[in-house]
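Colleague: Mind having a look at this structure? Questions to follow.
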Amino acid sequence: MTKRLQVYEGDGIVVTFDPNVCIHSAVCLRALPAVFDVAQKRWIQVEGAEPDAIVAAVAKCPSGALQTVRLGQAVPRGAPPTAAPVEVTPRPNGPLLIRGPIRVTKENGEVVDRASCSLCRCGATGTAPFCDGSHNRIGFKSPS
Ligand code: FES
């Protein structure tokens, strides 16, 4: 069953969280604990830091489950696309981490654009082709 997208709006920024593709790396919790705290009922507190700090922390999310939208900032027209290459890194005993931007076409034809994502390589995910953390449950061991 697909879980709904969580949306947290603050002053000048919106943070979204897609629980279907989170790999539970806890990178966000370590990067900015004043904002990301699973001990709180509302686990993302956008008022806990300045938008720039939140954007920087979310950029570290290896799965792309966290995304940000800056409010009130114009996107420069004609800005050149990033020339940085897409990075693909296998996580030991886990998914392929993709640092994009990347466009993924799912088996059902749905197109998903992400700044980053994690692709399953264990076969146990319920959110294919994205990793949902199931590799931990099944004890997946990556080939050596
Ligand atoms: S690699 Fe994470 S669910 Fe398959």
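To be explicit about the labels: the chains of the structure tokens are called A, B, and onward in the order shown, and within each one the residues are counted from 1, while ligands get numbers from 1 in the order they are shown.
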Please build the interface table for chain A against ligand 1 with a cut-off of 8 Å, listing for each qualifying residue the nearest atom pair and the distance in Å to one decimal; count only C-alpha atoms and all ligand atoms, order rows by chain and increasing number, and write it as a Markdown table.

Modeller:
| residue | atom | partner | partner_atom_place_in_ligand_line | distance |
| --- | --- | --- | --- | --- |
| A:Ile23 | CA | ligand 1 | 2 (Fe) | 6.6 |
| A:Asn93 | CA | ligand 1 | 1 (S) | 7.4 |
| A:Gly94 | CA | ligand 1 | 1 (S) | 4.4 |
| A:Pro95 | CA | ligand 1 | 1 (S) | 3.8 |
| A:Leu96 | CA | ligand 1 | 1 (S) | 7.3 |
| A:Ser118 | CA | ligand 1 | 2 (Fe) | 7.7 |
| A:Leu119 | CA | ligand 1 | 1 (S) | 6.6 |
| A:Cys120 | CA | ligand 1 | 1 (S) | 3.7 |
| A:Arg121 | CA | ligand 1 | 1 (S) | 4.5 |
| A:Cys122 | CA | ligand 1 | 4 (Fe) | 3.9 |
| A:Gly123 | CA | ligand 1 | 4 (Fe) | 5.2 |
| A:Ala124 | CA | ligand 1 | 4 (Fe) | 5.1 |
| A:Thr125 | CA | ligand 1 | 3 (S) | 4.0 |
| A:Gly126 | CA | ligand 1 | 3 (S) | 7.4 |
| A:Phe130 | CA | ligand 1 | 3 (S) | 7.3 |
| A:Cys131 | CA | ligand 1 | 2 (Fe) | 3.9 |
| A:Asp132 | CA | ligand 1 | 3 (S) | 4.7 |
| A:Gly133 | CA | ligand 1 | 2 (Fe) | 4.4 |
| A:Ser134 | CA | ligand 1 | 3 (S) | 4.0 |
| A:His135 | CA | ligand 1 | 2 (Fe) | 4.3 |
| A:Asn136 | CA | ligand 1 | 2 (Fe) | 7.2 |
| A:Phe140 | CA | ligand 1 | 1 (S) | 7.6 |

Colleague: Could you list, as JSON, numbers by chain, every residue within 12 Å of region 30-43 of chain A, counting only C-alpha atoms and ignoring same-chain residues fewer than 6 positions away?

Modeller: {"A": [6, 7, 8, 9, 10, 15, 16, 17, 24, 49, 50, 51, 52, 53, 54, 55, 56, 57, 58, 59, 60, 61, 66]}

Colleague: Next, dump the selected residues to file, keeping only C-alpha atoms, as a compact mmCIF listing (two decimals), in the first residue's frame.

Modeller:
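In the end it all went to selection.txt:
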# COMPACT_ATOMS: atom_id res chain seq x y z
CA GLN A 6 3.93 14.32 3.69
CA VAL A 7 4.10 18.10 3.23
CA TYR A 8 5.57 20.53 5.77
CA GLU A 9 5.28 24.23 4.95
CA GLY A 10 7.26 26.93 6.68
CA VAL A 15 9.64 20.24 2.68
CA THR A 16 8.07 17.09 1.31
CA PHE A 17 8.72 13.55 2.47
CA HIS A 24 16.13 5.12 6.70
CA ALA A 49 16.25 26.30 11.02
CA GLU A 50 16.72 28.80 8.22
CA PRO A 51 15.57 27.66 4.76
CA ASP A 52 19.16 27.56 3.44
CA ALA A 53 20.16 25.14 6.19
CA ILE A 54 17.14 22.95 5.47
CA VAL A 55 17.91 22.91 1.74
CA ALA A 56 21.51 21.90 2.53
CA ALA A 57 20.39 19.09 4.83
CA VAL A 58 17.78 17.78 2.39
CA ALA A 59 20.38 17.77 -0.39
CA LYS A 60 22.19 15.08 1.60
CA CYS A 61 19.18 12.73 1.55
CA LEU A 66 13.05 14.46 1.15

Colleague: Mind giving me the straight-line distance from CA of Asn20 (chain A) to CA of Gly72 (chain A) in Å, one decimal?

Modeller: 28.5 Å

Colleague: Which of region 17-96 of chain A end up as strand (DSSP E or B) when DSSP is run on this backbone - answer as a PyMOL selection string?

Modeller: chain A and resi 17+36+44+66-70+87-90+96

Colleague: Taking only C-alpha atoms into account, which of A:Ala115, A:Val86, A:Val14, A:Cys22 comes nearest Val69 (chain A)?

Modeller: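 Among the listed residues, A:Val14 lies closest to Val69 (chain A).
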
Colleague: Apply DSSP to the backbone of this structure and, from region 1-125 of chain A, keep only the residues in helix (DSSP H, G or I); write these as a list in words.

Modeller: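 Matching residues for helix (DSSP H, G or I) in region 1-125 of chain A are Val27, Cys28, Leu29, Arg30, Ala31, Val46, Glu47, Gly48, Pro51, Asp52, Ala53, Ile54, Val55, Ala56, Ala57 and Val58 of chain A.
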
Colleague: List the neighbours of Ser116 (chain A) out to 10 Å using only C-alpha atoms; skip same-chain residues closer than 6 positions along the sequence, and give me the result as a list of chain:residue names.

Modeller: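 Residues meeting the cut-off are A:Ala59, A:Lys60, A:Cys61, A:Pro62, A:Ser63, A:Gly64, A:Ala65, A:Leu66, A:Gln67, A:Val86, A:Glu87, A:Val88, A:Leu97, A:Ile98, A:Arg99, A:Gly100, A:Pro101, A:Ile102, A:Arg103.
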
Colleague: What is the CA of Leu5 (chain A)-CA of Arg137 (chain A) distance in Å, reported with one decimal?

Modeller: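 Value for the CA of Leu5 (chain A)-CA of Arg137 (chain A) distance: 22.9 Å.
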
Colleague: What is the CA of Thr2 (chain A) to CA of Pro129 (chain A) distance in Å?

Modeller: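 Spanning CA of Thr2 (chain A) to CA of Pro129 (chain A) is a straight-line distance of 13.5 Å.
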
Colleague: May I ask which of the residues A:Ala26, A:Ala128, A:Asp11, A:Leu71 is the closest one to Glu110 (chain A), counting only C-alpha atoms?

Modeller: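 Checking each of A:Ala26, A:Ala128, A:Asp11, A:Leu71 against Glu110 (chain A), counting only C-alpha atoms, the winner is A:Ala128.
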